[in-house]
file target_4.pdb (PDB, C-alpha atoms, pLDDT in the B column)
MODEL        1
ATOM      1  CA  MET X   1     128.246 -19.315 -76.660  1.00 94.00           C
ATOM      2  CA  ILE X   2     126.359 -17.559 -79.453  1.00 98.00           C
ATOM      3  CA  GLU X   3     123.474 -15.411 -78.206  1.00 98.00           C
ATOM      4  CA  ALA X   4     122.520 -13.541 -81.407  1.00 98.00           C
ATOM      5  CA  VAL X   5     123.051 -13.642 -85.165  1.00 98.00           C
ATOM      6  CA  ILE X   6     123.634 -10.702 -87.512  1.00 98.00           C
ATOM      7  CA  PHE X   7     123.081 -11.066 -91.239  1.00 98.00           C
ATOM      8  CA  ASP X   8     124.504  -8.983 -94.044  1.00 98.00           C
ATOM      9  CA  LEU X   9     121.971  -8.216 -96.802  1.00 97.00           C
ATOM     10  CA  ASP X  10     123.626  -7.820-100.204  1.00 95.00           C
ATOM     11  CA  GLY X  11     125.297 -11.049-101.254  1.00 94.00           C
ATOM     12  CA  VAL X  12     123.914 -13.036 -98.302  1.00 97.00           C
ATOM     13  CA  LEU X  13     120.135 -12.690 -98.578  1.00 98.00           C
ATOM     14  CA  LEU X  14     119.996 -10.842-101.901  1.00 97.00           C
ATOM     15  CA  GLN X  15     122.007 -11.566-105.045  1.00 94.00           C
ATOM     16  CA  SER X  16     122.166  -7.815-105.500  1.00 92.00           C
ATOM     17  CA  GLU X  17     125.846  -6.992-105.928  1.00 86.00           C
ATOM     18  CA  GLU X  18     125.392  -7.464-109.660  1.00 90.00           C
ATOM     19  CA  VAL X  19     122.431  -5.072-109.612  1.00 94.00           C
ATOM     20  CA  TRP X  20     124.485  -2.428-107.790  1.00 94.00           C
ATOM     21  CA  ASP X  21     127.298  -3.007-110.259  1.00 93.00           C
ATOM     22  CA  ARG X  22     125.034  -2.594-113.297  1.00 95.00           C
ATOM     23  CA  VAL X  23     123.288   0.511-111.960  1.00 97.00           C
ATOM     24  CA  ARG X  24     126.506   2.294-111.021  1.00 97.00           C
ATOM     25  CA  GLU X  25     128.260   1.435-114.264  1.00 97.00           C
ATOM     26  CA  GLN X  26     125.281   2.568-116.363  1.00 97.00           C
ATOM     27  CA  LEU X  27     125.080   5.884-114.523  1.00 98.00           C
ATOM     28  CA  THR X  28     128.823   6.419-114.864  1.00 98.00           C
ATOM     29  CA  ARG X  29     128.813   5.795-118.611  1.00 97.00           C
ATOM     30  CA  GLU X  30     125.603   7.755-119.223  1.00 97.00           C
ATOM     31  CA  THR X  31     127.038  10.854-117.557  1.00 97.00           C
ATOM     32  CA  GLY X  32     130.466  10.663-119.184  1.00 97.00           C
ATOM     33  CA  GLY X  33     132.335   9.320-116.162  1.00 97.00           C
ATOM     34  CA  LYS X  34     135.262   6.902-116.288  1.00 97.00           C
ATOM     35  CA  TRP X  35     134.309   3.395-115.192  1.00 97.00           C
ATOM     36  CA  HIS X  36     137.163   0.941-114.597  1.00 95.00           C
ATOM     37  CA  SER X  37     137.518  -2.755-113.783  1.00 89.00           C
ATOM     38  CA  ARG X  38     138.369  -2.208-110.088  1.00 91.00           C
ATOM     39  CA  ALA X  39     135.387   0.024-109.339  1.00 94.00           C
ATOM     40  CA  SER X  40     132.974  -2.710-108.247  1.00 90.00           C
ATOM     41  CA  ARG X  41     135.384  -4.341-105.817  1.00 86.00           C
ATOM     42  CA  ASP X  42     136.562  -0.966-104.505  1.00 90.00           C
ATOM     43  CA  MET X  43     132.994   0.030-103.566  1.00 92.00           C
ATOM     44  CA  MET X  44     131.927  -3.235-101.939  1.00 84.00           C
ATOM     45  CA  GLY X  45     131.111  -2.561 -98.296  1.00 79.00           C
ATOM     46  CA  MET X  46     131.333   1.212 -98.594  1.00 88.00           C
ATOM     47  CA  SER X  47     128.544   3.250 -97.038  1.00 88.00           C
ATOM     48  CA  SER X  48     126.447   5.419 -99.350  1.00 92.00           C
ATOM     49  CA  PRO X  49     128.369   8.622 -98.464  1.00 92.00           C
ATOM     50  CA  GLU X  50     131.618   6.755 -99.182  1.00 92.00           C
ATOM     51  CA  TRP X  51     130.690   5.210-102.536  1.00 96.00           C
ATOM     52  CA  SER X  52     128.949   8.339-103.802  1.00 96.00           C
ATOM     53  CA  ARG X  53     132.114  10.354-103.062  1.00 97.00           C
ATOM     54  CA  TYR X  54     134.151   7.628-104.763  1.00 97.00           C
ATOM     55  CA  MET X  55     132.001   7.855-107.882  1.00 98.00           C
ATOM     56  CA  SER X  56     132.243  11.633-107.907  1.00 97.00           C
ATOM     57  CA  LYS X  57     136.019  11.791-107.434  1.00 97.00           C
ATOM     58  CA  LYS X  58     137.471   8.513-108.700  1.00 97.00           C
ATOM     59  CA  LEU X  59     135.002   7.842-111.527  1.00 98.00           C
ATOM     60  CA  ALA X  60     134.678  11.520-112.465  1.00 97.00           C
ATOM     61  CA  LEU X  61     130.891  11.762-112.606  1.00 97.00           C
ATOM     62  CA  PRO X  62     129.795  15.364-113.235  1.00 97.00           C
ATOM     63  CA  MET X  63     127.410  15.248-110.274  1.00 97.00           C
ATOM     64  CA  THR X  64     127.623  15.941-106.564  1.00 97.00           C
ATOM     65  CA  PRO X  65     127.867  12.920-104.233  1.00 97.00           C
ATOM     66  CA  GLU X  66     124.344  13.715-103.007  1.00 97.00           C
ATOM     67  CA  GLU X  67     122.989  13.685-106.574  1.00 98.00           C
ATOM     68  CA  ILE X  68     124.799  10.424-107.330  1.00 98.00           C
ATOM     69  CA  ASN X  69     123.447   8.772-104.200  1.00 96.00           C
ATOM     70  CA  GLY X  70     119.883   9.845-104.956  1.00 97.00           C
ATOM     71  CA  GLU X  71     119.987   8.653-108.559  1.00 97.00           C
ATOM     72  CA  VAL X  72     121.568   5.283-107.750  1.00 97.00           C
ATOM     73  CA  VAL X  73     119.072   4.596-104.952  1.00 96.00           C
ATOM     74  CA  LYS X  74     116.160   5.543-107.221  1.00 96.00           C
ATOM     75  CA  ARG X  75     117.350   3.096-109.868  1.00 97.00           C
ATOM     76  CA  MET X  76     117.944   0.361-107.290  1.00 96.00           C
ATOM     77  CA  GLU X  77     114.420   0.781-105.910  1.00 94.00           C
ATOM     78  CA  LEU X  78     112.978   0.440-109.416  1.00 95.00           C
ATOM     79  CA  ALA X  79     115.092  -2.664-110.001  1.00 95.00           C
ATOM     80  CA  TYR X  80     113.784  -4.232-106.763  1.00 95.00           C
ATOM     81  CA  VAL X  81     110.176  -3.494-107.747  1.00 93.00           C
ATOM     82  CA  ASP X  82     110.809  -5.220-111.065  1.00 93.00           C
ATOM     83  CA  HIS X  83     112.546  -8.200-109.453  1.00 95.00           C
ATOM     84  CA  LEU X  84     113.808  -8.717-105.902  1.00 96.00           C
ATOM     85  CA  PRO X  85     116.886 -10.989-106.280  1.00 96.00           C
ATOM     86  CA  LEU X  86     116.261 -13.067-103.154  1.00 97.00           C
ATOM     87  CA  ILE X  87     118.851 -15.819-102.870  1.00 97.00           C
ATOM     88  CA  SER X  88     117.578 -19.395-102.789  1.00 95.00           C
ATOM     89  CA  GLY X  89     117.098 -20.536 -99.214  1.00 96.00           C
ATOM     90  CA  ALA X  90     117.198 -17.008 -97.738  1.00 97.00           C
ATOM     91  CA  HIS X  91     113.730 -17.091 -96.227  1.00 96.00           C
ATOM     92  CA  GLU X  92     114.235 -20.550 -94.783  1.00 97.00           C
ATOM     93  CA  ALA X  93     117.644 -19.672 -93.305  1.00 98.00           C
ATOM     94  CA  VAL X  94     116.301 -16.542 -91.602  1.00 98.00           C
ATOM     95  CA  ASP X  95     113.289 -18.422 -90.228  1.00 98.00           C
ATOM     96  CA  ARG X  96     115.506 -21.268 -89.034  1.00 98.00           C
ATOM     97  CA  LEU X  97     117.844 -19.014 -87.056  1.00 98.00           C
ATOM     98  CA  ALA X  98     115.102 -16.656 -85.849  1.00 98.00           C
ATOM     99  CA  ALA X  99     113.594 -19.606 -83.985  1.00 97.00           C
ATOM    100  CA  GLY X 100     116.724 -19.839 -81.833  1.00 97.00           C
ATOM    101  CA  TRP X 101     118.325 -16.403 -81.626  1.00 98.00           C
ATOM    102  CA  PRO X 102     117.495 -12.707 -81.881  1.00 98.00           C
ATOM    103  CA  LEU X 103     118.523 -11.477 -85.319  1.00 98.00           C
ATOM    104  CA  GLY X 104     120.119  -8.271 -86.499  1.00 98.00           C
ATOM    105  CA  LEU X 105     121.014  -6.988 -89.941  1.00 98.00           C
ATOM    106  CA  ALA X 106     124.118  -4.905 -90.745  1.00 98.00           C
ATOM    107  CA  SER X 107     124.125  -3.699 -94.336  1.00 97.00           C
ATOM    108  CA  SER X 108     125.946  -1.278 -96.599  1.00 93.00           C
ATOM    109  CA  SER X 109     122.682  -0.631 -98.437  1.00 94.00           C
ATOM    110  CA  ASN X 110     120.823   2.621 -97.903  1.00 94.00           C
ATOM    111  CA  ARG X 111     118.116   2.578 -95.241  1.00 96.00           C
ATOM    112  CA  SER X 112     115.325   2.906 -97.805  1.00 95.00           C
ATOM    113  CA  LEU X 113     116.623  -0.102 -99.743  1.00 96.00           C
ATOM    114  CA  ILE X 114     116.948  -2.226 -96.608  1.00 97.00           C
ATOM    115  CA  ASP X 115     113.372  -1.462 -95.618  1.00 96.00           C
ATOM    116  CA  LYS X 116     112.032  -2.040 -99.131  1.00 95.00           C
ATOM    117  CA  ALA X 117     113.858  -5.345 -99.571  1.00 96.00           C
ATOM    118  CA  LEU X 118     112.856  -6.781 -96.193  1.00 97.00           C
ATOM    119  CA  GLN X 119     109.242  -5.719 -96.635  1.00 96.00           C
ATOM    120  CA  GLN X 120     109.060  -7.119-100.162  1.00 95.00           C
ATOM    121  CA  ALA X 121     110.641 -10.389 -98.992  1.00 96.00           C
ATOM    122  CA  GLU X 122     108.294 -10.467 -95.954  1.00 95.00           C
ATOM    123  CA  LEU X 123     111.266 -10.704 -93.604  1.00 97.00           C
ATOM    124  CA  ASN X 124     111.078  -7.373 -91.800  1.00 93.00           C
ATOM    125  CA  ASP X 125     109.467  -8.839 -88.657  1.00 96.00           C
ATOM    126  CA  ARG X 126     112.281 -11.372 -88.192  1.00 97.00           C
ATOM    127  CA  PHE X 127     114.914  -8.788 -87.265  1.00 98.00           C
ATOM    128  CA  GLN X 128     115.113  -7.043 -83.892  1.00 98.00           C
ATOM    129  CA  ALA X 129     117.638  -4.479 -85.175  1.00 98.00           C
ATOM    130  CA  THR X 130     118.552  -3.379 -88.699  1.00 98.00           C
ATOM    131  CA  LEU X 131     121.186  -0.804 -89.589  1.00 98.00           C
ATOM    132  CA  SER X 132     122.653   0.813 -92.679  1.00 96.00           C
ATOM    133  CA  SER X 133     126.321   1.776 -92.674  1.00 94.00           C
ATOM    134  CA  GLU X 134     125.172   5.249 -93.756  1.00 92.00           C
ATOM    135  CA  GLU X 135     123.840   5.548 -90.185  1.00 96.00           C
ATOM    136  CA  VAL X 136     127.276   5.107 -88.569  1.00 95.00           C
ATOM    137  CA  GLU X 137     130.536   6.975 -88.984  1.00 93.00           C
ATOM    138  CA  ARG X 138     132.399   4.455 -91.136  1.00 93.00           C
ATOM    139  CA  GLY X 139     131.387   1.683 -93.510  1.00 92.00           C
ATOM    140  CA  LYS X 140     132.844  -1.799 -93.837  1.00 93.00           C
ATOM    141  CA  PRO X 141     135.650  -2.983 -93.398  1.00 94.00           C
ATOM    142  CA  HIS X 142     135.471  -0.846 -90.248  1.00 95.00           C
ATOM    143  CA  PRO X 143     133.510  -2.533 -87.430  1.00 98.00           C
ATOM    144  CA  ASP X 144     131.119   0.368 -86.730  1.00 97.00           C
ATOM    145  CA  VAL X 145     127.938  -1.069 -88.253  1.00 97.00           C
ATOM    146  CA  PHE X 146     128.314  -4.469 -86.558  1.00 98.00           C
ATOM    147  CA  GLN X 147     129.188  -2.904 -83.222  1.00 98.00           C
ATOM    148  CA  GLU X 148     126.109  -0.683 -83.296  1.00 98.00           C
ATOM    149  CA  VAL X 149     123.771  -3.556 -84.198  1.00 98.00           C
ATOM    150  CA  ALA X 150     125.263  -5.550 -81.301  1.00 98.00           C
ATOM    151  CA  ARG X 151     124.602  -2.623 -78.980  1.00 98.00           C
ATOM    152  CA  ARG X 152     120.993  -2.405 -80.140  1.00 98.00           C
ATOM    153  CA  LEU X 153     120.532  -6.139 -79.616  1.00 98.00           C
ATOM    154  CA  GLY X 154     122.044  -5.860 -76.158  1.00 98.00           C
ATOM    155  CA  VAL X 155     124.553  -8.652 -76.810  1.00 98.00           C
ATOM    156  CA  GLU X 156     128.342  -8.521 -76.540  1.00 98.00           C
ATOM    157  CA  PRO X 157     130.039  -8.908 -79.951  1.00 98.00           C
ATOM    158  CA  ARG X 158     131.979 -11.988 -78.825  1.00 97.00           C
ATOM    159  CA  HIS X 159     128.642 -13.782 -78.373  1.00 98.00           C
ATOM    160  CA  ILE X 160     127.391 -12.937 -81.881  1.00 98.00           C
ATOM    161  CA  ALA X 161     127.707 -14.822 -85.170  1.00 98.00           C
ATOM    162  CA  ALA X 162     127.907 -12.636 -88.286  1.00 98.00           C
ATOM    163  CA  ILE X 163     126.900 -14.009 -91.678  1.00 98.00           C
ATOM    164  CA  GLU X 164     128.905 -12.399 -94.473  1.00 98.00           C
ATOM    165  CA  ASP X 165     129.880 -12.875 -98.119  1.00 96.00           C
ATOM    166  CA  SER X 166     132.504 -10.260 -99.001  1.00 92.00           C
ATOM    167  CA  GLU X 167     136.055  -9.386 -98.055  1.00 93.00           C
ATOM    168  CA  ASN X 168     135.146  -6.065 -96.449  1.00 93.00           C
ATOM    169  CA  GLY X 169     132.204  -7.663 -94.675  1.00 95.00           C
ATOM    170  CA  VAL X 170     134.347 -10.417 -93.170  1.00 97.00           C
ATOM    171  CA  ARG X 171     136.958  -7.897 -92.053  1.00 97.00           C
ATOM    172  CA  SER X 172     134.251  -5.701 -90.521  1.00 97.00           C
ATOM    173  CA  ALA X 173     132.661  -8.480 -88.463  1.00 98.00           C
ATOM    174  CA  TYR X 174     136.051  -9.864 -87.446  1.00 98.00           C
ATOM    175  CA  ALA X 175     137.213  -6.412 -86.312  1.00 98.00           C
ATOM    176  CA  ALA X 176     134.042  -6.162 -84.212  1.00 98.00           C
ATOM    177  CA  GLY X 177     135.082  -9.338 -82.395  1.00 98.00           C
ATOM    178  CA  MET X 178     132.338 -11.602 -83.730  1.00 98.00           C
ATOM    179  CA  ALA X 179     132.383 -15.184 -84.940  1.00 98.00           C
ATOM    180  CA  VAL X 180     132.206 -15.018 -88.733  1.00 98.00           C
ATOM    181  CA  VAL X 181     130.362 -17.389 -91.050  1.00 98.00           C
ATOM    182  CA  LEU X 182     131.415 -16.813 -94.651  1.00 98.00           C
ATOM    183  CA  ILE X 183     129.292 -17.727 -97.665  1.00 98.00           C
ATOM    184  CA  PRO X 184     131.575 -16.418-100.432  1.00 96.00           C
ATOM    185  CA  ASN X 185     130.046 -14.086-102.995  1.00 89.00           C
ATOM    186  CA  ILE X 186     129.981 -15.861-106.341  1.00 85.00           C
ATOM    187  CA  SER X 187     130.867 -12.784-108.379  1.00 82.00           C
ATOM    188  CA  PHE X 188     133.242 -11.105-105.921  1.00 83.00           C
ATOM    189  CA  PRO X 189     134.712 -13.772-103.598  1.00 89.00           C
ATOM    190  CA  PRO X 190     136.967 -12.567-100.766  1.00 92.00           C
ATOM    191  CA  GLY X 191     140.706 -13.169-100.959  1.00 92.00           C
ATOM    192  CA  GLU X 192     142.374 -16.010 -99.080  1.00 95.00           C
ATOM    193  CA  GLU X 193     143.653 -13.743 -96.307  1.00 96.00           C
ATOM    194  CA  ALA X 194     140.179 -12.412 -95.504  1.00 94.00           C
ATOM    195  CA  ALA X 195     138.549 -15.835 -95.872  1.00 95.00           C
ATOM    196  CA  ALA X 196     141.000 -17.234 -93.318  1.00 97.00           C
ATOM    197  CA  LEU X 197     139.451 -14.908 -90.704  1.00 98.00           C
ATOM    198  CA  ALA X 198     136.136 -16.763 -90.891  1.00 98.00           C
ATOM    199  CA  ASP X 199     135.193 -19.374 -88.296  1.00 97.00           C
ATOM    200  CA  ALA X 200     133.240 -21.340 -90.910  1.00 98.00           C
ATOM    201  CA  VAL X 201     133.004 -21.235 -94.704  1.00 98.00           C
ATOM    202  CA  LEU X 202     129.815 -22.527 -96.353  1.00 98.00           C
ATOM    203  CA  ASP X 203     128.740 -23.138 -99.923  1.00 97.00           C
ATOM    204  CA  ASN X 204     125.175 -21.892 -99.539  1.00 97.00           C
ATOM    205  CA  LEU X 205     122.446 -20.850 -97.112  1.00 98.00           C
ATOM    206  CA  GLU X 206     121.138 -24.405 -96.823  1.00 97.00           C
ATOM    207  CA  GLN X 207     124.296 -25.221 -94.849  1.00 98.00           C
ATOM    208  CA  LEU X 208     123.573 -22.415 -92.368  1.00 98.00           C
ATOM    209  CA  THR X 209     122.024 -24.614 -89.706  1.00 98.00           C
ATOM    210  CA  THR X 210     121.230 -24.176 -86.037  1.00 97.00           C
ATOM    211  CA  LYS X 211     123.778 -26.891 -85.264  1.00 97.00           C
ATOM    212  CA  LEU X 212     126.521 -24.926 -87.001  1.00 98.00           C
ATOM    213  CA  ILE X 213     125.670 -21.734 -85.083  1.00 98.00           C
ATOM    214  CA  GLN X 214     125.511 -23.631 -81.783  1.00 97.00           C
ATOM    215  CA  GLY X 215     128.978 -25.060 -82.444  1.00 96.00           C
ATOM    216  CA  LEU X 216     130.623 -21.682 -82.936  1.00 96.00           C
ATOM    217  CA  ARG X 217     132.828 -20.734 -79.958  1.00 80.00           C
ATOM    218  CA  ALA X 218     131.279 -23.570 -77.954  1.00 61.00           C
TER
ENDMDL
END

call {"tool": "encode", "arguments": {"input": "target_4.pdb", "output": "structure tokens"}}
result
Amino acid sequence: MIEAVIFDLDGVLLQSEEVWDRVREQLTRETGGKWHSRASRDMMGMSSPEWSRYMSKKLALPMTPEEINGEVVKRMELAYVDHLPLISGAHEAVDRLAAGWPLGLASSSNRSLIDKALQQAELNDRFQATLSSEEVERGKPHPDVFQEVARRLGVEPRHIAAIEDSENGVRSAYAAGMAVVLIPNISFPPGEEAAALADAVLDNLEQLTTKLIQGLRA
């Protein structure tokens, strides 16, 4: 029986992976780093300490990881002020599930970006616990961020449904022992092996219904 629901943010509620991609690539090229075609997929699900180190070492930016993190977050905040890329049906889906279950949010975004996005979308009061992977030891695909949100909600992972879009996100929630609902990211869909770990695969947030959640692990 499902007793709580945990959402991912980027790719589930926000169509923001493309924004992250653009910001990181621009910074890499502006500073003389070496962007490559695998960079976006490599960094999906990484915590901010992990992707900033990746950009410093693997993409050869002439900046410290701390400087990279600060500059990327600053540019992301400006992009959100200009336009918050809220996915169609996000508000309705959150409201729909909040009426039946306590909600958590487990995101790879920085804490400041989580808070800004939820406040701007007027969704911050729907979630009982929100967590950035920068606040735990390891980012996705490790289960740390989902496990900690479950602890804060006071619900055992096996009684939680996680809503995810990416390969690392699915693997993270699955490793935490949760039921996984996958809404594949349009730009960076998970591979078949990761998708097979999901309990349900949907086309969009409109299909994320209370009936579907109630049927998980019934």

call {"tool": "residues_around", "arguments": {"input": "target_4.pdb", "residues": "Ile163 (chain X)", "least_positions_apart": "5", "cutoff": "7 Å", "atoms": "only C-alpha atoms", "output": "VMD selection string"}}
result
chain X and resid 6 to 8 180 to 182

call {"tool": "residues_around", "arguments": {"input": "target_4.pdb", "residues": "Pro189 (chain X)", "least_positions_apart": "2", "cutoff": "8 Å", "atoms": "all atoms listed in the file", "output": "list in words"}}
result
Asp165, Ser166, Glu167, Pro184, Asn185, Ile186, Ser187 and Gly191 of chain X

call {"tool": "residues_around", "arguments": {"input": "target_4.pdb", "residues": "region 135-148 of chain X", "least_positions_apart": "2", "cutoff": "12 Å", "atoms": "only C-alpha atoms", "output": "number ranges by chain"}}
result
X: 4-8, 42-51, 104-112, 129-133, 150-164, 166-180, 194

call {"tool": "resolve_selection", "arguments": {"input": "target_4.pdb", "expression": "the PyMOL selection byres ((chain X and resi 25) around 12)", "output": "PyMOL selection string"}}
result
chain X and resi 18-24+26-40+43+55+59+61+68+72+75

call {"tool": "resolve_selection", "arguments": {"input": "target_4.pdb", "expression": "the PyMOL selection byres ((chain X and resi 96) around 12)", "output": "PyMOL selection string"}}
result
chain X and resi 5+89-95+97-103+126+205-213

call {"tool": "closest_residue", "arguments": {"input": "target_4.pdb", "among": "X:Ile87, X:Ile183, X:Val201, X:Val73", "to": "Ser16 (chain X)", "atoms": "only C-alpha atoms"}}
result
X:Ile87

call {"tool": "atom_distance", "arguments": {"input": "target_4.pdb", "atom1": "CA of Phe188 (chain X)", "atom2": "CA of Asn69 (chain X)"}}
result
22.2 Å

call {"tool": "residues_near_point", "arguments": {"input": "target_4.pdb", "point": "(117.7, -14.9, -102.3)", "cutoff": "6 Å", "atoms": "all atoms listed in the file", "output": "list in words"}}
result
Leu13, Leu14, Pro85, Leu86, Ile87, Ser88 and Ala90 of chain X

call {"tool": "atom_distance", "arguments": {"input": "target_4.pdb", "atom1": "CA of Gly11 (chain X)", "atom2": "CA of Phe127 (chain X)"}}
result
17.6 Å

call {"tool": "atom_distance", "arguments": {"input": "target_4.pdb", "atom1": "CA of Lys116 (chain X)", "atom2": "CA of Gln15 (chain X)"}}
result
15.0 Å

call {"tool": "closest_residue", "arguments": {"input": "target_4.pdb", "among": "X:Ala121, X:Val12, X:Arg217, X:Glu66", "to": "Asp203 (chain X)", "atoms": "all atoms listed in the file"}}
result
X:Val12
